[in-house]
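Trainee: Take this structure first; my questions come after.
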Amino acid sequence: MKAESRAVTTNQHGNHDDLVAVVMRHLRSPFRKPIQEHNREAFQQAQQLVADWDGPLILDSCCGVGESTAWLAAKNPGALVIGVDKSAHRLSRHAHYEHAEAGQRYLLVRADLHDFWRLALDAHWHLSQHYILYPNPWPKAAHLSRRWHGGPVWPYVIGLGGELVMRSNWPIYLTEVASSLALVNCSANLHPLLASHEPITPFERKYQHSGQQLWELRARLPEDGRYFSAIEAE
């Protein structure tokens, strides 16, 4: 990705007017969509490793080509890192971006996160860190439900716990995430990334090359995951 990237354009001037109502509706209702069998099988591949693992567990959601997954494994040699993406094409390009030394503990899995996150919560995964990096923001106001925090799977992300780390080139996306976390008494810190910081995904490198300001959100999610009575009742 060497081409210049356009800055995000949106018809929103701040957080979406319906954000609170949408997030609260999903917090009160379990996600009933049936889990697809191929996602269940993909999850079992990861679960076999996690079940035998006693150390820190890091999830790299929307990992794309897995460059960030390899980077996280290299930076956290005492952790098991699971990278998940739904695109076989992106995952097939991983060898070009892999730079962790032999012996690093990480696995790339092809699965839809709408199913994977629910399966992980059902299997009682407890994350130490959860990375959700570029590019999802769906910046049109009509597309709130397509943003992770505007969809029915968001409570499951919160339920997995750990330190949530999200990056974006659209700050409203992250201020909305912060506001959605505040609804469950969870505070988030949002700060700009320095232009000289080390990019860990191709999208991040592309945005940085284009001179765009990048932002990072960090939040310590609830450890017990017990804000969601509707989910526990499933």
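Chains: A, B, ... in order of the structure tokens. Residues: from 1 per chain. Ligands: from 1, in order shown.
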If you count only C-alpha atoms, which residues fall within 7 Å of region 149-163 of chain A, apart from same-chain ones fewer than 2 positions away, as a PyMOL selection string?
Mentor: chain A and resi 22-23+26-27+31+114+117-118+121+125-130+144-147+165+177+180+218-223+225
Trainee: For those residues, write N, CA, C and O atoms to a file as a short mmCIF file (atom, residue, chain, number, x, y, z; two decimals), in the first residue's frame.
Mentor:
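Result file is result_3.cif:
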data_model
loop_
_atom_site.label_atom_id
_atom_site.label_comp_id
_atom_site.auth_asym_id
_atom_site.auth_seq_id
_atom_site.Cartn_x
_atom_site.Cartn_y
_atom_site.Cartn_z
N VAL A 22 -28.78 3.19 20.76
CA VAL A 22 -28.39 1.97 20.03
C VAL A 22 -27.54 1.06 20.89
O VAL A 22 -27.77 -0.15 20.97
N VAL A 23 -26.54 1.63 21.56
CA VAL A 23 -25.66 0.81 22.40
C VAL A 23 -26.44 0.19 23.56
O VAL A 23 -26.28 -1.00 23.86
N HIS A 26 -28.45 -2.85 22.54
CA HIS A 26 -27.66 -4.07 22.36
C HIS A 26 -27.14 -4.61 23.69
O HIS A 26 -27.00 -5.83 23.85
N LEU A 27 -26.86 -3.73 24.65
CA LEU A 27 -26.41 -4.19 25.96
C LEU A 27 -27.50 -4.98 26.69
O LEU A 27 -27.20 -5.85 27.51
N PHE A 31 -27.30 -11.33 21.24
CA PHE A 31 -27.22 -11.43 19.78
C PHE A 31 -27.66 -12.84 19.40
O PHE A 31 -26.99 -13.82 19.70
N HIS A 114 -18.08 -11.59 14.24
CA HIS A 114 -19.41 -11.60 14.85
C HIS A 114 -19.68 -12.94 15.52
O HIS A 114 -20.37 -13.00 16.55
N TRP A 117 -16.14 -13.74 18.39
CA TRP A 117 -16.20 -13.09 19.71
C TRP A 117 -17.23 -13.76 20.62
O TRP A 117 -16.98 -13.96 21.81
N ARG A 118 -18.37 -14.14 20.06
CA ARG A 118 -19.40 -14.81 20.87
C ARG A 118 -18.91 -16.17 21.36
O ARG A 118 -19.13 -16.55 22.51
N LEU A 121 -16.35 -15.68 24.20
CA LEU A 121 -16.97 -15.37 25.47
C LEU A 121 -17.63 -16.61 26.07
O LEU A 121 -17.53 -16.86 27.28
N TRP A 125 -13.02 -17.09 27.57
CA TRP A 125 -11.73 -16.46 27.33
C TRP A 125 -11.62 -15.20 28.19
O TRP A 125 -12.58 -14.44 28.32
N HIS A 126 -10.44 -14.99 28.75
CA HIS A 126 -10.15 -13.77 29.49
C HIS A 126 -8.90 -13.15 28.89
O HIS A 126 -7.80 -13.67 29.05
N LEU A 127 -9.08 -12.07 28.17
CA LEU A 127 -7.98 -11.46 27.43
C LEU A 127 -7.13 -10.57 28.33
O LEU A 127 -7.65 -9.91 29.23
N SER A 128 -5.84 -10.54 28.05
CA SER A 128 -5.00 -9.54 28.69
C SER A 128 -5.00 -8.25 27.86
O SER A 128 -5.00 -7.15 28.41
N GLN A 129 -5.04 -8.40 26.54
CA GLN A 129 -5.15 -7.26 25.63
C GLN A 129 -5.99 -7.65 24.43
O GLN A 129 -5.99 -8.80 24.00
N HIS A 130 -6.71 -6.66 23.90
CA HIS A 130 -7.52 -6.88 22.71
C HIS A 130 -7.29 -5.71 21.76
O HIS A 130 -7.62 -4.56 22.08
N LEU A 144 -24.14 3.80 11.30
CA LEU A 144 -23.76 3.58 12.69
C LEU A 144 -23.77 2.11 13.06
O LEU A 144 -22.86 1.61 13.75
N SER A 145 -24.76 1.37 12.61
CA SER A 145 -24.90 -0.04 12.99
C SER A 145 -23.78 -0.91 12.42
O SER A 145 -23.60 -2.04 12.87
N ARG A 146 -23.03 -0.39 11.44
CA ARG A 146 -21.93 -1.16 10.86
C ARG A 146 -20.61 -0.95 11.62
O ARG A 146 -19.66 -1.69 11.39
N ARG A 147 -20.57 0.05 12.48
CA ARG A 147 -19.40 0.24 13.33
C ARG A 147 -19.47 -0.78 14.46
O ARG A 147 -20.56 -1.14 14.92
N VAL A 165 -7.36 -1.88 22.91
CA VAL A 165 -6.55 -0.91 22.17
C VAL A 165 -7.13 -0.78 20.77
O VAL A 165 -7.20 -1.76 20.03
N VAL A 177 -16.66 5.16 20.67
CA VAL A 177 -16.30 3.98 21.46
C VAL A 177 -16.17 4.36 22.93
O VAL A 177 -16.68 3.66 23.82
N SER A 180 -19.52 4.79 24.43
CA SER A 180 -20.22 3.51 24.61
C SER A 180 -19.68 2.75 25.81
O SER A 180 -20.42 2.08 26.53
N ARG A 218 -7.30 3.59 24.50
CA ARG A 218 -6.99 2.50 25.42
C ARG A 218 -8.00 2.52 26.56
O ARG A 218 -8.31 3.59 27.11
N ALA A 219 -8.47 1.34 26.91
CA ALA A 219 -9.45 1.22 28.00
C ALA A 219 -9.27 -0.12 28.69
O ALA A 219 -9.04 -1.14 28.04
N ARG A 220 -9.36 -0.12 30.00
CA ARG A 220 -9.33 -1.36 30.78
C ARG A 220 -10.76 -1.84 30.94
O ARG A 220 -11.55 -1.23 31.65
N LEU A 221 -11.09 -2.92 30.26
CA LEU A 221 -12.46 -3.43 30.28
C LEU A 221 -12.74 -4.19 31.57
O LEU A 221 -11.82 -4.65 32.25
N PRO A 222 -14.03 -4.34 31.91
CA PRO A 222 -14.38 -5.05 33.15
C PRO A 222 -13.77 -6.45 33.18
O PRO A 222 -13.82 -7.18 32.19
N GLU A 223 -13.22 -6.82 34.32
CA GLU A 223 -12.56 -8.12 34.44
C GLU A 223 -13.55 -9.27 34.56
O GLU A 223 -13.26 -10.38 34.15
N GLY A 225 -16.79 -9.30 33.41
CA GLY A 225 -17.73 -9.40 32.30
C GLY A 225 -19.17 -9.57 32.73
O GLY A 225 -19.97 -10.18 32.02
#
Trainee: Tell me, which residues of region 7-113 of chain A carry DSSP strand (DSSP E), written as an MDAnalysis selection string?
Mentor: chainID A and resid 57:61 80:85 106:110
Trainee: If you keep N, CA, C and O atoms, can you produce a file of those selected residues as an mmCIF file, in the first residue's frame?
Mentor:
data_model
loop_
_atom_site.group_PDB
_atom_site.id
_atom_site.type_symbol
_atom_site.label_atom_id
_atom_site.label_comp_id
_atom_site.auth_asym_id
_atom_site.auth_seq_id
_atom_site.Cartn_x
_atom_site.Cartn_y
_atom_site.Cartn_z
ATOM 1 N N LEU A 57 -3.194 -13.869 27.218
ATOM 2 C CA LEU A 57 -3.825 -14.108 25.923
ATOM 3 C C LEU A 57 -4.139 -12.770 25.271
ATOM 4 O O LEU A 57 -4.837 -11.932 25.852
ATOM 5 N N ILE A 58 -3.618 -12.561 24.065
ATOM 6 C CA ILE A 58 -3.839 -11.317 23.319
ATOM 7 C C ILE A 58 -4.609 -11.648 22.046
ATOM 8 O O ILE A 58 -4.241 -12.566 21.305
ATOM 9 N N LEU A 59 -5.680 -10.908 21.796
ATOM 10 C CA LEU A 59 -6.481 -11.096 20.587
ATOM 11 C C LEU A 59 -6.274 -9.904 19.665
ATOM 12 O O LEU A 59 -6.420 -8.749 20.078
ATOM 13 N N ASP A 60 -5.915 -10.198 18.423
ATOM 14 C CA ASP A 60 -5.709 -9.167 17.398
ATOM 15 C C ASP A 60 -6.836 -9.307 16.383
ATOM 16 O O ASP A 60 -6.744 -10.064 15.423
ATOM 17 N N SER A 61 -7.936 -8.595 16.621
ATOM 18 C CA SER A 61 -9.118 -8.705 15.779
ATOM 19 C C SER A 61 -8.969 -7.840 14.528
ATOM 20 O O SER A 61 -8.372 -6.763 14.575
ATOM 21 N N LEU A 80 0.321 -15.691 24.363
ATOM 22 C CA LEU A 80 -0.226 -16.341 23.180
ATOM 23 C C LEU A 80 -1.053 -15.300 22.443
ATOM 24 O O LEU A 80 -1.945 -14.677 23.028
ATOM 25 N N VAL A 81 -0.763 -15.094 21.165
ATOM 26 C CA VAL A 81 -1.444 -14.071 20.369
ATOM 27 C C VAL A 81 -2.268 -14.751 19.280
ATOM 28 O O VAL A 81 -1.745 -15.569 18.513
ATOM 29 N N ILE A 82 -3.545 -14.415 19.210
ATOM 30 C CA ILE A 82 -4.449 -14.952 18.195
ATOM 31 C C ILE A 82 -4.884 -13.810 17.285
ATOM 32 O O ILE A 82 -5.448 -12.816 17.745
ATOM 33 N N GLY A 83 -4.587 -13.924 15.994
ATOM 34 C CA GLY A 83 -5.034 -12.943 15.016
ATOM 35 C C GLY A 83 -6.209 -13.501 14.226
ATOM 36 O O GLY A 83 -6.162 -14.652 13.780
ATOM 37 N N VAL A 84 -7.260 -12.705 14.052
ATOM 38 C CA VAL A 84 -8.476 -13.161 13.372
ATOM 39 C C VAL A 84 -8.859 -12.180 12.276
ATOM 40 O O VAL A 84 -8.904 -10.965 12.503
ATOM 41 N N ASP A 85 -9.144 -12.712 11.101
ATOM 42 C CA ASP A 85 -9.646 -11.902 9.991
ATOM 43 C C ASP A 85 -10.540 -12.794 9.135
ATOM 44 O O ASP A 85 -10.315 -13.999 9.049
ATOM 45 N N TYR A 106 1.973 -17.429 18.145
ATOM 46 C CA TYR A 106 0.805 -16.774 17.581
ATOM 47 C C TYR A 106 0.173 -17.640 16.507
ATOM 48 O O TYR A 106 0.823 -18.503 15.920
ATOM 49 N N LEU A 107 -1.117 -17.402 16.304
ATOM 50 C CA LEU A 107 -1.904 -18.169 15.360
ATOM 51 C C LEU A 107 -2.799 -17.210 14.589
ATOM 52 O O LEU A 107 -3.388 -16.300 15.181
ATOM 53 N N LEU A 108 -2.891 -17.416 13.283
ATOM 54 C CA LEU A 108 -3.821 -16.654 12.461
ATOM 55 C C LEU A 108 -5.024 -17.533 12.138
ATOM 56 O O LEU A 108 -4.864 -18.691 11.747
ATOM 57 N N VAL A 109 -6.211 -16.970 12.295
ATOM 58 C CA VAL A 109 -7.447 -17.720 12.100
ATOM 59 C C VAL A 109 -8.353 -16.952 11.141
ATOM 60 O O VAL A 109 -8.528 -15.735 11.293
ATOM 61 N N ARG A 110 -8.920 -17.674 10.177
ATOM 62 C CA ARG A 110 -9.906 -17.052 9.294
ATOM 63 C C ARG A 110 -11.299 -17.299 9.863
ATOM 64 O O ARG A 110 -11.757 -18.448 9.957
#
Trainee: For Ile35 (chain A), which residue among A:Leu91, A:Leu19, A:Leu113, A:Cys63 is the nearest when counting only C-alpha atoms?
Mentor: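 Distance minimum relative to Ile35 (chain A) lands on A:Leu113.
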Trainee: Work out how far CA of Gly78 (chain A) is from CA of Asn189 (chain A), in Å to one decimal.
Mentor: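 These two atoms are separated by 25.7 Å.
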Trainee: By how many Å are CA of Pro202 (chain A) and CA of Lys75 (chain A) apart?
Mentor: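 Computed distance, CA of Pro202 (chain A) to CA of Lys75 (chain A), equals 18.1 Å.
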Trainee: If you measure from CA of Tyr134 (chain A) to CA of Ala79 (chain A), what distance in Å do you get, rounded to one decimal?
Mentor: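 Going from CA of Tyr134 (chain A) over to CA of Ala79 (chain A) covers 22.5 Å.
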Trainee: Just asking: which residues within region 20-202 of chain A are alpha helix (DSSP H) according to DSSP, as an NGL selection string?
Mentor: :A and (20-27 or 37-51 or 67-75 or 88-92 or 94-97 or 113-122 or 154-159 or 171-182 or 202)
Trainee: Any idea what's packed within 7 Å of Ser168 (chain A), counting only C-alpha atoms, ignoring anything in its chain fewer than 6 positions away? Could you give it as a VMD selection string?
Mentor: chain A and resid 133 to 135 214 to 216
Trainee: Any chance you could export the current selection's C-alpha atoms as a JSON list (two decimals), in the first residue's frame?
Mentor:
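Generated file (result_26.json):
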[["chain", "number", "residue", "atom", "x", "y", "z"],
["A", 133, "LEU", "CA", -6.98, -1.69, 14.51],
["A", 134, "TYR", "CA", -7.91, 0.01, 11.25],
["A", 135, "PRO", "CA", -9.86, 0.71, 9.15],
["A", 214, "LEU", "CA", -3.82, 8.90, 13.75],
["A", 215, "TRP", "CA", -5.46, 8.26, 17.10],
["A", 216, "GLU", "CA", -5.33, 5.54, 19.73]]
Trainee: Counting only C-alpha atoms, what is within 12 Å of Glu176 (chain A), bar same-chain residues fewer than 4 positions away, as a short mmCIF file (atom, residue, chain, number, x, y, z; two decimals) with all heavy atoms, in the first residue's frame?
Mentor:
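Output contents, as saved in part24.cif:
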data_model
loop_
_atom_site.label_atom_id
_atom_site.label_comp_id
_atom_site.auth_asym_id
_atom_site.auth_seq_id
_atom_site.Cartn_x
_atom_site.Cartn_y
_atom_site.Cartn_z
N GLN A 12 -21.22 13.57 9.89
CA GLN A 12 -21.37 13.73 11.34
C GLN A 12 -20.42 14.82 11.82
O GLN A 12 -19.28 14.92 11.36
CB GLN A 12 -21.03 12.44 12.08
CG GLN A 12 -22.11 11.39 12.03
CD GLN A 12 -21.79 10.20 12.93
OE1 GLN A 12 -22.04 9.06 12.54
NE2 GLN A 12 -21.25 10.44 14.11
N HIS A 13 -20.88 15.61 12.79
CA HIS A 13 -20.04 16.66 13.37
C HIS A 13 -19.61 16.30 14.79
O HIS A 13 -18.92 17.09 15.44
CB HIS A 13 -20.79 17.99 13.36
CG HIS A 13 -21.19 18.44 11.98
ND1 HIS A 13 -20.27 18.82 11.04
CD2 HIS A 13 -22.42 18.51 11.39
CE1 HIS A 13 -20.90 19.15 9.92
NE2 HIS A 13 -22.20 18.97 10.10
N GLY A 14 -20.01 15.16 15.25
CA GLY A 14 -19.67 14.68 16.58
C GLY A 14 -20.26 13.29 16.73
O GLY A 14 -20.61 12.65 15.74
N ASN A 15 -20.37 12.81 17.96
CA ASN A 15 -20.97 11.49 18.17
C ASN A 15 -22.38 11.42 17.57
O ASN A 15 -23.12 12.41 17.57
CB ASN A 15 -21.06 11.18 19.66
CG ASN A 15 -19.71 10.83 20.26
OD1 ASN A 15 -18.67 10.89 19.59
ND2 ASN A 15 -19.71 10.45 21.53
N HIS A 16 -22.74 10.26 17.09
CA HIS A 16 -24.04 10.06 16.47
C HIS A 16 -25.15 10.35 17.48
O HIS A 16 -25.06 9.98 18.66
CB HIS A 16 -24.15 8.62 15.98
CG HIS A 16 -25.23 8.39 14.98
ND1 HIS A 16 -26.57 8.37 15.34
CD2 HIS A 16 -25.19 8.15 13.64
CE1 HIS A 16 -27.30 8.14 14.25
NE2 HIS A 16 -26.49 8.00 13.21
N ASP A 17 -26.21 10.99 17.02
CA ASP A 17 -27.31 11.36 17.91
C ASP A 17 -27.96 10.14 18.55
O ASP A 17 -28.49 10.23 19.68
CB ASP A 17 -28.38 12.15 17.14
CG ASP A 17 -27.90 13.53 16.71
OD1 ASP A 17 -26.92 14.02 17.30
OD2 ASP A 17 -28.51 14.12 15.80
N ASP A 18 -27.95 9.01 17.86
CA ASP A 18 -28.62 7.81 18.37
C ASP A 18 -27.67 6.85 19.08
O ASP A 18 -28.07 5.73 19.41
CB ASP A 18 -29.29 7.06 17.20
CG ASP A 18 -30.38 7.88 16.53
OD1 ASP A 18 -30.97 8.74 17.20
OD2 ASP A 18 -30.62 7.66 15.32
N LEU A 19 -26.42 7.27 19.31
CA LEU A 19 -25.42 6.35 19.84
C LEU A 19 -25.86 5.69 21.15
O LEU A 19 -25.81 4.46 21.28
CB LEU A 19 -24.09 7.09 20.05
CG LEU A 19 -22.97 6.25 20.66
CD1 LEU A 19 -22.50 5.18 19.68
CD2 LEU A 19 -21.80 7.14 21.08
N VAL A 20 -26.26 6.47 22.12
CA VAL A 20 -26.60 5.92 23.43
C VAL A 20 -27.76 4.94 23.32
O VAL A 20 -27.71 3.84 23.88
CB VAL A 20 -26.92 7.05 24.42
CG1 VAL A 20 -27.47 6.47 25.72
CG2 VAL A 20 -25.68 7.88 24.70
N VAL A 22 -28.78 3.19 20.76
CA VAL A 22 -28.39 1.97 20.03
C VAL A 22 -27.54 1.06 20.89
O VAL A 22 -27.77 -0.15 20.97
CB VAL A 22 -27.65 2.35 18.73
CG1 VAL A 22 -26.99 1.13 18.10
CG2 VAL A 22 -28.62 2.99 17.74
N VAL A 23 -26.54 1.63 21.56
CA VAL A 23 -25.66 0.81 22.40
C VAL A 23 -26.44 0.19 23.56
O VAL A 23 -26.28 -1.00 23.86
CB VAL A 23 -24.47 1.65 22.92
CG1 VAL A 23 -23.64 0.82 23.91
CG2 VAL A 23 -23.59 2.11 21.76
N PRO A 137 -14.32 2.61 9.87
CA PRO A 137 -15.24 3.28 10.75
C PRO A 137 -16.64 3.43 10.18
O PRO A 137 -17.54 3.77 10.91
CB PRO A 137 -14.59 4.62 10.96
CG PRO A 137 -13.83 4.93 9.73
CD PRO A 137 -13.70 3.63 8.97
N PRO A 139 -18.06 5.95 8.03
CA PRO A 139 -18.26 7.31 8.54
C PRO A 139 -19.59 7.97 8.24
O PRO A 139 -19.89 9.01 8.83
CB PRO A 139 -17.11 8.08 7.88
CG PRO A 139 -16.84 7.34 6.61
CD PRO A 139 -17.08 5.89 6.94
N LEU A 144 -24.14 3.80 11.30
CA LEU A 144 -23.76 3.58 12.69
C LEU A 144 -23.77 2.11 13.06
O LEU A 144 -22.86 1.61 13.75
CB LEU A 144 -24.69 4.35 13.63
CG LEU A 144 -24.53 4.06 15.13
CD1 LEU A 144 -23.14 4.45 15.62
CD2 LEU A 144 -25.64 4.76 15.93
N ARG A 147 -20.57 0.05 12.48
CA ARG A 147 -19.40 0.24 13.33
C ARG A 147 -19.47 -0.78 14.46
O ARG A 147 -20.56 -1.14 14.92
CB ARG A 147 -19.37 1.68 13.89
CG ARG A 147 -19.36 2.72 12.79
CD ARG A 147 -19.58 4.13 13.33
NE ARG A 147 -20.02 5.01 12.25
CZ ARG A 147 -20.62 6.17 12.40
NH1 ARG A 147 -20.86 6.63 13.63
NH2 ARG A 147 -21.01 6.89 11.36
N TRP A 148 -18.32 -1.24 14.92
CA TRP A 148 -18.32 -2.31 15.91
C TRP A 148 -19.17 -1.94 17.14
O TRP A 148 -19.96 -2.75 17.62
CB TRP A 148 -16.89 -2.63 16.35
CG TRP A 148 -16.07 -3.34 15.32
CD1 TRP A 148 -14.85 -2.96 14.83
CD2 TRP A 148 -16.38 -4.58 14.67
NE1 TRP A 148 -14.39 -3.89 13.91
CE2 TRP A 148 -15.32 -4.88 13.80
CE3 TRP A 148 -17.46 -5.47 14.74
CZ2 TRP A 148 -15.29 -6.03 13.00
CZ3 TRP A 148 -17.45 -6.61 13.95
CH2 TRP A 148 -16.38 -6.88 13.09
N HIS A 149 -19.02 -0.73 17.63
CA HIS A 149 -19.73 -0.34 18.85
C HIS A 149 -21.20 -0.07 18.61
O HIS A 149 -21.97 0.07 19.57
CB HIS A 149 -19.07 0.91 19.46
CG HIS A 149 -18.96 2.04 18.50
ND1 HIS A 149 -17.92 2.14 17.59
CD2 HIS A 149 -19.76 3.12 18.27
CE1 HIS A 149 -18.08 3.24 16.86
NE2 HIS A 149 -19.19 3.84 17.25
N GLY A 150 -21.62 0.01 17.34
CA GLY A 150 -23.02 0.24 17.02
C GLY A 150 -23.77 -1.03 16.67
O GLY A 150 -24.96 -0.98 16.36
N MET A 166 -7.56 0.42 20.42
CA MET A 166 -8.12 0.66 19.09
C MET A 166 -7.41 1.85 18.47
O MET A 166 -7.05 2.80 19.17
CB MET A 166 -9.63 0.93 19.18
CG MET A 166 -10.42 -0.21 19.79
SD MET A 166 -12.21 0.11 19.90
CE MET A 166 -12.70 0.03 18.17
N SER A 168 -7.43 4.53 14.87
CA SER A 168 -8.22 4.98 13.73
C SER A 168 -7.67 6.30 13.21
O SER A 168 -6.97 7.02 13.94
CB SER A 168 -9.69 5.17 14.14
OG SER A 168 -10.48 5.59 13.04
N TRP A 170 -9.97 8.37 12.15
CA TRP A 170 -11.21 9.15 12.30
C TRP A 170 -11.54 9.27 13.78
O TRP A 170 -12.04 8.32 14.39
CB TRP A 170 -12.35 8.48 11.54
CG TRP A 170 -13.62 9.30 11.49
CD1 TRP A 170 -13.72 10.64 11.28
CD2 TRP A 170 -14.95 8.80 11.66
NE1 TRP A 170 -15.04 11.03 11.32
CE2 TRP A 170 -15.82 9.92 11.53
CE3 TRP A 170 -15.50 7.55 11.90
CZ2 TRP A 170 -17.20 9.81 11.64
CZ3 TRP A 170 -16.88 7.44 12.00
CH2 TRP A 170 -17.73 8.55 11.87
N PRO A 171 -11.26 10.39 14.43
CA PRO A 171 -11.41 10.49 15.88
C PRO A 171 -12.83 10.30 16.38
O PRO A 171 -13.03 9.81 17.50
CB PRO A 171 -10.87 11.89 16.21
CG PRO A 171 -10.91 12.65 14.92
CD PRO A 171 -10.69 11.63 13.84
N ILE A 172 -13.84 10.65 15.60
CA ILE A 172 -15.23 10.48 16.05
C ILE A 172 -15.52 9.01 16.32
O ILE A 172 -16.24 8.66 17.27
CB ILE A 172 -16.22 11.07 15.03
CG1 ILE A 172 -16.15 12.60 15.03
CG2 ILE A 172 -17.65 10.61 15.32
CD1 ILE A 172 -17.03 13.27 13.98
N SER A 180 -19.52 4.79 24.43
CA SER A 180 -20.22 3.51 24.61
C SER A 180 -19.68 2.75 25.81
O SER A 180 -20.42 2.08 26.53
CB SER A 180 -20.11 2.66 23.34
OG SER A 180 -18.82 2.10 23.20
N LEU A 181 -18.38 2.89 26.08
CA LEU A 181 -17.79 2.25 27.25
C LEU A 181 -18.21 2.94 28.54
O LEU A 181 -18.37 2.29 29.58
CB LEU A 181 -16.27 2.24 27.12
CG LEU A 181 -15.69 1.37 26.00
CD1 LEU A 181 -14.18 1.53 25.92
CD2 LEU A 181 -16.06 -0.10 26.19
N ALA A 182 -18.40 4.24 28.47
CA ALA A 182 -18.84 4.99 29.65
C ALA A 182 -20.20 4.50 30.14
O ALA A 182 -20.51 4.61 31.33
CB ALA A 182 -18.88 6.48 29.35
N LEU A 183 -21.00 3.94 29.24
CA LEU A 183 -22.32 3.43 29.62
C LEU A 183 -22.22 2.23 30.54
O LEU A 183 -23.21 1.88 31.21
CB LEU A 183 -23.11 3.08 28.36
CG LEU A 183 -23.45 4.24 27.43
CD1 LEU A 183 -24.11 3.73 26.16
CD2 LEU A 183 -24.35 5.25 28.13
N ALA A 188 -12.11 5.47 29.13
CA ALA A 188 -11.17 5.25 28.03
C ALA A 188 -10.32 6.50 27.84
O ALA A 188 -10.79 7.62 28.03
CB ALA A 188 -11.92 4.93 26.74
N LEU A 190 -8.04 8.62 25.09
CA LEU A 190 -7.84 8.82 23.66
C LEU A 190 -6.70 9.80 23.46
O LEU A 190 -6.71 10.88 24.06
CB LEU A 190 -9.13 9.36 23.02
CG LEU A 190 -9.11 9.64 21.52
CD1 LEU A 190 -8.83 8.38 20.73
CD2 LEU A 190 -10.44 10.27 21.10
N LEU A 217 -7.04 4.67 21.17
CA LEU A 217 -7.87 4.57 22.37
C LEU A 217 -7.40 3.39 23.19
O LEU A 217 -7.14 2.31 22.65
CB LEU A 217 -9.34 4.41 21.99
CG LEU A 217 -10.34 4.15 23.14
CD1 LEU A 217 -11.66 4.85 22.84
CD2 LEU A 217 -10.59 2.66 23.38
#
Trainee: With only C-alpha atoms as the atoms that count, which of A:Asn169, A:Ser29, A:Ser196, A:Ser179 lies nearest to Arg6 (chain A)?
Mentor: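 The answer is A:Asn169, which sits nearest to Arg6 (chain A).
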